[in-house]
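Enquirer: Below you'll find model-v9.csv; it's CSV, C-alpha atoms.
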```
chain,number,residue,atom,x,y,z
A,1,MET,CA,-8.6,-14.9,-31.8
A,2,SER,CA,-10.7,-15.4,-28.7
A,3,GLU,CA,-10.7,-19.1,-29.1
A,4,TRP,CA,-6.9,-19.1,-28.7
A,5,LEU,CA,-6.7,-16.8,-25.7
A,6,ASP,CA,-8.2,-16.9,-22.3
A,7,ASP,CA,-7.2,-15.2,-19.0
A,8,GLU,CA,-4.5,-17.8,-18.5
A,9,ALA,CA,-2.7,-16.5,-21.6
A,10,GLY,CA,-2.3,-13.0,-20.0
A,11,PRO,CA,-3.0,-9.7,-21.6
A,12,VAL,CA,-2.8,-9.6,-25.4
A,13,VAL,CA,-0.9,-6.3,-25.3
A,14,ARG,CA,2.1,-6.6,-23.0
A,15,PRO,CA,1.8,-3.9,-20.4
A,16,TYR,CA,5.0,-2.0,-21.2
A,17,ALA,CA,3.9,-1.7,-24.8
A,18,LEU,CA,1.6,1.0,-23.5
A,19,THR,CA,4.6,3.0,-22.2
A,20,ARG,CA,6.5,2.5,-25.5
A,21,GLY,CA,9.0,0.4,-23.6
A,22,ARG,CA,9.7,3.0,-20.9
A,23,THR,CA,9.9,1.4,-17.5
A,24,ARG,CA,10.8,4.5,-15.5
A,25,SER,CA,8.7,7.5,-15.0
A,26,SER,CA,10.4,10.8,-15.8
A,27,ARG,CA,9.5,11.9,-12.3
A,28,GLU,CA,9.7,10.5,-8.8
A,29,GLY,CA,7.0,10.9,-6.3
A,30,PHE,CA,4.3,8.4,-7.3
A,31,GLU,CA,4.2,6.5,-4.0
A,32,LEU,CA,1.6,3.9,-3.7
A,33,ILE,CA,-0.6,6.2,-1.6
A,34,ALA,CA,0.2,9.5,-3.4
A,35,ILE,CA,-3.2,11.0,-4.3
A,36,ILE,CA,-3.8,11.9,-8.0
A,37,ALA,CA,-6.4,14.4,-9.1
A,38,THR,CA,-7.3,15.4,-12.6
A,39,ALA,CA,-6.3,19.0,-13.2
A,40,ALA,CA,-7.5,19.3,-16.7
A,41,THR,CA,-10.1,17.3,-18.6
A,42,SER,CA,-9.2,14.9,-21.3
A,43,GLN,CA,-10.1,17.4,-24.1
A,44,PHE,CA,-6.9,19.3,-23.2
A,45,ALA,CA,-4.8,16.1,-23.5
A,46,PRO,CA,-2.1,16.4,-26.1
A,47,ALA,CA,-2.3,14.5,-29.4
A,48,GLY,CA,0.1,11.8,-28.1
A,49,ALA,CA,-2.1,10.8,-25.2
A,50,GLY,CA,-3.2,7.2,-25.4
A,51,PRO,CA,-6.5,5.8,-24.2
A,52,GLU,CA,-4.9,4.8,-20.9
A,53,HIS,CA,-3.9,8.4,-20.3
A,54,ILE,CA,-7.5,9.5,-21.0
A,55,ALA,CA,-8.8,6.8,-18.8
A,56,ILE,CA,-6.7,8.0,-15.9
A,57,LEU,CA,-7.9,11.6,-16.4
A,58,GLU,CA,-11.5,10.5,-16.4
A,59,MET,CA,-11.0,8.2,-13.3
A,60,CYS,CA,-9.2,10.8,-11.2
A,61,VAL,CA,-11.9,13.5,-11.4
A,62,ARG,CA,-12.5,12.0,-8.0
A,63,PRO,CA,-9.0,11.8,-6.5
A,64,LEU,CA,-7.5,8.3,-6.2
A,65,SER,CA,-4.3,6.8,-4.9
A,66,VAL,CA,-1.7,5.4,-7.3
A,67,ALA,CA,-2.5,1.9,-6.0
A,68,GLU,CA,-6.2,2.4,-6.7
A,69,ILE,CA,-5.5,3.6,-10.3
A,70,SER,CA,-3.2,0.5,-10.8
A,71,ALA,CA,-5.9,-1.8,-9.5
A,72,ARG,CA,-8.8,-0.3,-11.4
A,73,MET,CA,-6.9,-0.2,-14.7
A,74,LYS,CA,-5.5,-3.7,-14.0
A,75,LEU,CA,-2.0,-2.4,-15.0
A,76,PRO,CA,1.2,-3.0,-13.0
A,77,LEU,CA,2.4,-0.1,-10.8
A,78,GLY,CA,5.4,0.6,-13.0
A,79,VAL,CA,3.3,1.1,-16.0
A,80,VAL,CA,0.9,3.4,-14.2
A,81,ARG,CA,3.8,5.5,-12.9
A,82,VAL,CA,5.1,6.0,-16.4
A,83,LEU,CA,1.6,7.1,-17.6
A,84,LEU,CA,1.2,9.4,-14.6
A,85,GLY,CA,4.7,10.9,-15.3
A,86,ASP,CA,3.4,11.8,-18.8
A,87,LEU,CA,0.3,13.4,-17.4
A,88,LEU,CA,2.2,15.4,-14.8
A,89,ASP,CA,4.7,16.6,-17.4
A,90,HIS,CA,1.8,18.1,-19.3
A,91,GLY,CA,0.2,19.6,-16.2
A,92,LEU,CA,-2.9,17.5,-16.6
A,93,ILE,CA,-2.9,16.0,-13.0
A,94,ALA,CA,-2.1,17.3,-9.5
A,95,VAL,CA,-0.4,15.1,-7.0
A,96,ARG,CA,-0.6,15.1,-3.2
A,97,ARG,CA,2.3,13.1,-1.8
A,98,PRO,CA,2.2,11.4,1.6
A,99,GLU,CA,4.1,12.8,4.5
A,100,PRO,CA,7.9,12.2,4.0
A,101,ASP,CA,9.4,9.2,5.6
A,102,ASN,CA,12.4,11.0,7.1
A,103,ARG,CA,10.5,12.3,10.0
A,104,LEU,CA,8.4,10.6,12.7
A,105,PRO,CA,4.7,10.5,12.0
A,106,ASN,CA,3.2,13.5,13.6
A,107,GLU,CA,1.3,12.9,16.8
A,108,ARG,CA,-1.7,15.0,15.8
A,109,LEU,CA,-2.1,12.9,12.6
A,110,LEU,CA,-1.9,9.7,14.6
A,111,LYS,CA,-4.4,10.8,17.1
A,112,GLU,CA,-6.8,11.7,14.3
A,113,VAL,CA,-6.4,8.2,12.8
A,114,LEU,CA,-7.0,6.8,16.3
A,115,ASN,CA,-10.2,8.8,16.8
A,116,GLY,CA,-11.3,7.9,13.3
A,117,LEU,CA,-10.9,4.2,13.9
A,118,GLN,CA,-12.6,4.4,17.3
A,119,ALA,CA,-15.6,6.1,15.6
A,120,LEU,CA,-16.0,3.4,12.9
B,1,MET,CA,-4.9,26.0,-22.9
B,2,ASP,CA,-3.7,26.9,-19.4
B,3,SER,CA,-6.5,29.3,-18.9
B,4,LYS,CA,-9.1,26.6,-19.5
B,5,ARG,CA,-7.8,24.2,-17.0
B,6,SER,CA,-9.9,23.5,-13.9
B,7,ASP,CA,-8.3,24.2,-10.6
B,8,PRO,CA,-8.0,20.9,-8.7
B,9,SER,CA,-8.3,22.8,-5.4
B,10,ARG,CA,-11.8,23.9,-6.4
B,11,GLY,CA,-12.9,20.4,-7.3
B,12,ALA,CA,-12.9,17.4,-5.0
B,13,ALA,CA,-10.3,18.1,-2.3
B,14,MET,CA,-7.2,16.0,-2.4
B,15,PRO,CA,-7.0,14.0,0.8
B,16,LEU,CA,-3.8,13.2,2.7
B,17,ALA,CA,-3.2,9.4,2.7
B,18,VAL,CA,-1.5,7.3,5.4
B,19,LYS,CA,-1.0,3.6,5.4
B,20,ILE,CA,-0.7,0.6,7.7
B,21,LEU,CA,0.7,-2.8,6.7
B,22,VAL,CA,-0.8,-6.1,7.4
B,23,ALA,CA,1.9,-8.8,7.3
B,24,GLY,CA,2.3,-12.5,8.3
B,25,GLY,CA,2.7,-15.8,6.7
B,26,PHE,CA,0.9,-17.2,3.7
B,27,GLY,CA,-2.8,-17.9,4.4
B,28,VAL,CA,-2.8,-16.3,7.9
B,29,GLY,CA,-5.7,-14.0,7.0
B,30,LYS,CA,-4.1,-10.8,5.7
B,31,THR,CA,-6.6,-10.2,2.9
B,32,SER,CA,-9.5,-11.3,5.2
B,33,MET,CA,-8.5,-8.6,7.7
B,34,VAL,CA,-8.1,-5.9,5.0
B,35,GLY,CA,-11.5,-6.9,3.6
B,36,ALA,CA,-13.2,-6.9,7.0
B,37,VAL,CA,-12.3,-3.3,7.9
B,38,SER,CA,-12.1,-1.7,4.4
B,39,GLU,CA,-14.9,0.4,3.1
B,40,ILE,CA,-14.3,-0.9,-0.4
B,41,ARG,CA,-13.9,-4.4,-1.6
B,42,PRO,CA,-10.2,-5.2,-1.4
B,43,LEU,CA,-8.3,-4.2,-4.5
B,44,ARG,CA,-5.2,-5.8,-5.9
B,45,THR,CA,-2.3,-4.0,-7.4
B,46,GLU,CA,0.6,-5.7,-9.1
B,47,GLU,CA,4.2,-4.9,-9.8
B,48,GLN,CA,6.3,-6.7,-12.4
B,49,LEU,CA,9.8,-7.5,-11.6
B,50,THR,CA,11.3,-7.4,-15.0
B,51,ASP,CA,12.9,-3.9,-14.8
B,52,ARG,CA,13.9,-3.9,-11.2
B,53,SER,CA,15.3,-7.3,-11.0
B,54,VAL,CA,17.5,-6.7,-13.9
B,55,GLY,CA,18.3,-3.1,-13.1
B,56,VAL,CA,18.2,-1.6,-16.6
B,57,ASP,CA,15.7,0.9,-18.1
B,58,ASP,CA,15.8,-0.6,-21.5
B,59,VAL,CA,13.5,-3.5,-22.2
B,60,SER,CA,15.2,-4.6,-25.4
B,61,GLY,CA,16.2,-8.1,-25.0
B,62,VAL,CA,13.2,-9.0,-22.9
B,63,GLU,CA,13.1,-12.4,-24.5
B,64,ARG,CA,15.6,-13.6,-22.1
B,65,LYS,CA,14.0,-12.2,-19.0
B,66,THR,CA,11.3,-13.9,-16.9
B,67,THR,CA,8.6,-11.6,-15.6
B,68,THR,CA,7.5,-12.2,-12.0
B,69,THR,CA,4.4,-10.5,-10.7
B,70,VAL,CA,4.1,-9.5,-7.1
B,71,ALA,CA,0.5,-8.9,-6.0
B,72,MET,CA,-0.7,-6.8,-3.0
B,73,ASP,CA,-4.2,-6.6,-1.7
B,74,PHE,CA,-5.3,-3.4,-0.1
B,75,GLY,CA,-8.3,-1.6,1.3
B,76,ARG,CA,-9.3,1.9,2.4
B,77,ILE,CA,-10.8,3.6,5.4
B,78,THR,CA,-11.9,7.2,5.3
B,79,ILE,CA,-10.9,8.6,8.6
B,80,ARG,CA,-12.4,12.0,8.0
B,81,ASP,CA,-12.8,14.4,5.1
B,82,GLY,CA,-9.3,14.9,3.8
B,83,LEU,CA,-7.6,12.0,5.6
B,84,VAL,CA,-7.6,8.4,4.2
B,85,LEU,CA,-6.0,5.3,5.7
B,86,TYR,CA,-4.9,2.6,3.3
B,87,LEU,CA,-4.3,-1.0,4.5
B,88,PHE,CA,-1.8,-3.0,2.5
B,89,GLY,CA,-1.4,-6.7,2.8
B,90,THR,CA,2.3,-7.6,2.3
B,91,PRO,CA,3.1,-10.0,-0.6
B,92,GLY,CA,2.7,-13.6,0.5
B,93,GLN,CA,6.2,-14.6,-0.7
B,94,ASP,CA,8.9,-13.3,1.6
B,95,ARG,CA,11.5,-13.2,-1.1
B,96,PHE,CA,10.0,-10.0,-2.6
B,97,TRP,CA,11.8,-7.8,-0.1
B,98,PHE,CA,12.1,-4.8,-2.4
B,99,MET,CA,8.4,-4.6,-2.5
B,100,TRP,CA,8.3,-4.6,1.3
B,101,ASP,CA,10.7,-1.6,1.3
B,102,GLU,CA,8.3,0.3,-0.9
B,103,LEU,CA,5.3,-0.7,1.3
B,104,ALA,CA,7.1,0.2,4.6
B,105,LEU,CA,8.2,3.6,3.3
B,106,GLY,CA,6.2,6.1,5.2
B,107,ALA,CA,3.9,3.5,6.9
B,108,LEU,CA,2.6,4.4,10.3
B,109,GLY,CA,3.1,0.9,11.5
B,110,ALA,CA,2.3,-2.8,10.9
B,111,VAL,CA,0.2,-5.6,12.1
B,112,VAL,CA,1.9,-9.0,12.0
B,113,LEU,CA,-0.8,-11.7,11.9
B,114,ALA,CA,0.2,-15.0,13.5
B,115,ASP,CA,-1.3,-18.4,13.4
B,116,THR,CA,-0.5,-20.5,16.5
B,117,ARG,CA,-0.2,-23.6,14.4
B,118,ARG,CA,2.6,-22.0,12.3
B,119,LEU,CA,4.1,-19.3,14.5
B,120,ALA,CA,7.4,-19.5,12.7
B,121,ASP,CA,5.8,-18.2,9.6
B,122,SER,CA,5.6,-14.8,11.2
B,123,PHE,CA,9.3,-14.6,12.0
B,124,PRO,CA,10.4,-13.0,8.7
B,125,SER,CA,7.8,-10.2,9.1
B,126,ILE,CA,8.9,-9.6,12.7
B,127,ASP,CA,12.6,-9.5,11.8
B,128,TYR,CA,11.9,-7.1,9.0
B,129,PHE,CA,9.9,-4.6,11.0
B,130,GLU,CA,12.4,-4.8,13.9
B,131,ARG,CA,15.3,-4.1,11.5
B,132,ARG,CA,13.4,-1.2,10.0
B,133,ARG,CA,12.3,0.1,13.4
B,134,LEU,CA,8.7,0.3,12.2
B,135,PRO,CA,6.4,-0.1,15.1
B,136,PHE,CA,4.3,-3.3,15.0
B,137,ILE,CA,2.0,-5.4,17.0
B,138,ILE,CA,1.1,-9.1,16.9
B,139,GLY,CA,-2.5,-10.1,16.1
B,140,VAL,CA,-3.0,-13.8,16.8
B,141,ASN,CA,-5.7,-14.9,14.4
B,142,CYS,CA,-7.9,-17.4,16.2
B,143,PHE,CA,-8.9,-19.9,13.6
B,144,ASP,CA,-11.7,-22.2,14.3
B,145,GLY,CA,-10.3,-25.3,16.0
B,146,ALA,CA,-6.9,-23.7,16.7
B,147,VAL,CA,-5.8,-24.3,20.2
B,148,ARG,CA,-6.1,-21.0,22.2
B,149,TYR,CA,-2.8,-20.0,23.8
B,150,ASP,CA,-2.1,-17.5,26.4
B,151,THR,CA,-0.7,-14.3,24.8
B,152,GLU,CA,2.3,-14.5,27.1
B,153,GLU,CA,3.2,-17.9,25.8
B,154,ILE,CA,3.0,-16.6,22.3
B,155,ARG,CA,5.1,-13.6,23.2
B,156,ALA,CA,7.8,-15.9,24.7
B,157,ALA,CA,7.6,-18.2,21.6
B,158,LEU,CA,8.1,-15.2,19.3
B,159,ASP,CA,10.9,-13.8,21.6
B,160,LEU,CA,9.2,-10.4,21.6
B,161,ASP,CA,10.1,-7.2,23.4
B,162,PRO,CA,7.7,-7.0,26.4
B,163,LYS,CA,6.4,-3.7,25.2
B,164,ILE,CA,5.0,-5.0,21.9
B,165,PRO,CA,1.3,-5.8,22.2
B,166,VAL,CA,0.1,-9.3,21.4
B,167,ILE,CA,-3.7,-9.6,21.0
B,168,LEU,CA,-6.0,-12.4,20.1
B,169,CYS,CA,-8.3,-11.6,17.2
B,170,ASP,CA,-10.7,-13.0,14.6
B,171,VAL,CA,-9.8,-11.0,11.5
B,172,ARG,CA,-12.9,-12.0,9.6
B,173,LYS,CA,-14.8,-9.8,12.0
B,174,ARG,CA,-14.9,-6.1,11.4
B,175,GLU,CA,-15.0,-5.2,15.1
B,176,SER,CA,-12.0,-7.4,15.8
B,177,GLY,CA,-10.0,-6.0,12.9
B,178,LYS,CA,-10.8,-2.5,14.1
B,179,GLN,CA,-9.6,-3.3,17.6
B,180,VAL,CA,-6.3,-4.6,16.1
B,181,LEU,CA,-5.8,-1.3,14.3
B,182,ILE,CA,-6.7,0.7,17.3
B,183,THR,CA,-4.2,-1.3,19.4
B,184,LEU,CA,-1.5,-0.7,16.7
B,185,VAL,CA,-2.0,3.1,16.5
B,186,GLU,CA,-2.0,3.4,20.3
B,187,HIS,CA,1.3,1.4,20.3
B,188,VAL,CA,2.7,3.7,17.6
B,189,LEU,CA,1.9,6.7,19.8
B,190,GLU,CA,3.7,5.1,22.7
B,191,VAL,CA,6.8,4.2,20.6
B,192,MET,CA,7.0,7.7,19.4
B,193,ALA,CA,6.7,9.2,22.8
B,194,GLU,CA,9.5,6.9,24.0
B,195,ARG,CA,11.8,7.7,21.1
B,196,GLN,CA,11.3,11.4,21.8
B,197,ARG,CA,12.4,10.8,25.4
B,198,GLN,CA,15.6,9.2,24.0
B,199,PRO,CA,17.2,11.8,21.8
B,200,GLY,CA,19.5,10.2,19.2
B,201,ALA,CA,17.3,7.2,18.9
B,202,ALA,CA,14.4,9.4,17.6
B,203,LEU,CA,15.1,8.9,13.9
B,204,ARG,CA,14.3,5.6,12.3
```
Output the file's structure as structure tokens, nothing else.

Expert:
Amino acid sequence: MSEWLDDEAGPVVRPYALTRGRTRSSREGFELIAIIATAATSQFAPAGAGPEHIAILEMCVRPLSVAEISARMKLPLGVVRVLLGDLLDHGLIAVRRPEPDNRLPNERLLKEVLNGLQAL
Amino acid sequence: MDSKRSDPSRGAAMPLAVKILVAGGFGVGKTSMVGAVSEIRPLRTEEQLTDRSVGVDDVSGVERKTTTTVAMDFGRITIRDGLVLYLFGTPGQDRFWFMWDELALGALGAVVLADTRRLADSFPSIDYFERRRLPFIIGVNCFDGAVRYDTEEIRAALDLDPKIPVILCDVRKRESGKQVLITLVEHVLEVMAERQRQPGAALR
């Protein structure tokens, strides 16, 4: 088959096949910069877990943002969010969400960012 | 199986993440800037528009849909243990506004990169951040061979509020990119202080 397909042809498996056609996560809260950490190793993953679920669990032993997971797995954000929703439903990951948007960024946080940038 | 789970709080700590956007016209140097200051090689994340653009959850009948992919490049700077800054380049095509909304949500602020040869390319970004009341600054990327303008001339050409910083930069250089980010965060602190002095205007 490789002689028929190259990168131009796109992925052989359409991304949403991995989510069995689901385009929405069962949960909200997977912002681009929400941090995901594995809470249980892949040996505890349920029977229905696919290789992509397992890959995320292995990757997030060191916590990563949703955007980084999407980039490293070369999967669209929507697909990654569905997979993360499955993992969260089974208690296999922990999520640290960013500060909510409905309040001004806190001054202490901004000053920390400023100091960090100045020290680079 | 619960008893066998590891406690994430005992493993690697989960940092808090914040983000800054890098916007501007096509080819103005957004990805260069992200790459110059990021501690990792810039990564690319993509979103496909199939579901959102059509507005249904069901993907039956996908044959009729066209899938558009919006790509965003981003980088990362570890500020300290437990605090990470992400830098996101906005999609090059201005028509993907829904993606901008997601990017702007919770962002600390934005850098609008401008090229003096094509100043008008930065108008959509400026309009967007003004409407959203997201603090931003202008970084004038000084390309080799580009005529150097006075920042006040550029401010006038962009019809900017006098309080918005306009700085000259070379985004391929780490030190210059860093200075742009520092200028932005200082500006965000000033904007916040001002909004707090004007109750009622505090919430964006």

Enquirer: Could you please determine the separation between atom CA of A:Asn115 and atom CA of B:Thr45 in Å, to one decimal place?

Expert: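 These atoms are spaced 28.5 Å apart.
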
Enquirer: Which residues, written as a list in words, have at least one atom at most 8 Å from B:Val188, with all atoms listed in the file counted and residues fewer than 6 positions away on the same chain left out?

Expert: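 Here the qualifying residues turn out to be Leu108, Gly109, Pro135 and Phe136 of chain B.
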
Enquirer: Rank nothing, just name the residue among B:Ile182, B:Val18, B:Ala120, B:Val28 nearest to A:Ala119, using all atoms listed in the file.

Expert: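 Smallest distance to A:Ala119 is found for B:Ile182.
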
Enquirer: Distance cut-off 6 Å, counting all atoms listed in the file - which residues of chain A neighbour chain B? Return them as a ChimeraX atom specification.

Expert: /A:23,33,39-40,70-71,76-77,98,101,116

Enquirer: Which of these, A:Ile36, A:Val79, A:Ala45, A:Met59, has the shortest distance to A:Leu18 once you count all atoms listed in the file?

Expert: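 Selected residue with least distance to A:Leu18: A:Val79.
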
Enquirer: Fewer than 3 positions away in the same chain doesn't count, so skip those; otherwise give me all residues within 10 Å of stretch 137-143 of chain B, counting all atoms listed in the file, as JSON, numbers by chain.

Expert: {"B": [22, 23, 24, 28, 29, 30, 33, 109, 110, 111, 112, 113, 114, 115, 116, 117, 119, 122, 126, 129, 146, 147, 148, 149, 151, 154, 155, 158, 160, 163, 164, 165, 166, 167, 168, 169, 170, 171, 172, 176, 177, 179, 180, 181, 183, 184, 185, 187, 188]}

Enquirer: Between atom CA of A:Leu117 and atom CA of B:Lys173, measure the distance and give it in Å to one decimal.

Expert: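 Here the two named atoms are 14.7 Å from each other.
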
Enquirer: How many Å separate atom CA of A:Glu28 from atom CA of B:Glu130?

Expert: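 That distance, rounded to one decimal, is 27.5 Å.
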
Enquirer: Please determine, counting all atoms listed in the file, which residue among B:Thr31, B:Ser125, B:Thr67, B:Gln198 has the shortest atom-to-atom distance to B:Leu87.

Expert: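 Nearest to B:Leu87: B:Thr31.
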
Enquirer: Which one is closest to A:Glu112: B:Gly35, B:Gly89, B:Gly25, B:Gly82? Count only C-alpha atoms.

Expert: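 Of all the options, B:Gly82 lies closest to A:Glu112.
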
Enquirer: Of the residues A:Val82, A:Gln118, A:Glu68, A:Leu109, which is the one nearest to B:Ile40, using all atoms listed in the file?

Expert: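 Checking each of A:Val82, A:Gln118, A:Glu68, A:Leu109 against B:Ile40, counting all atoms listed in the file, the winner is A:Glu68.
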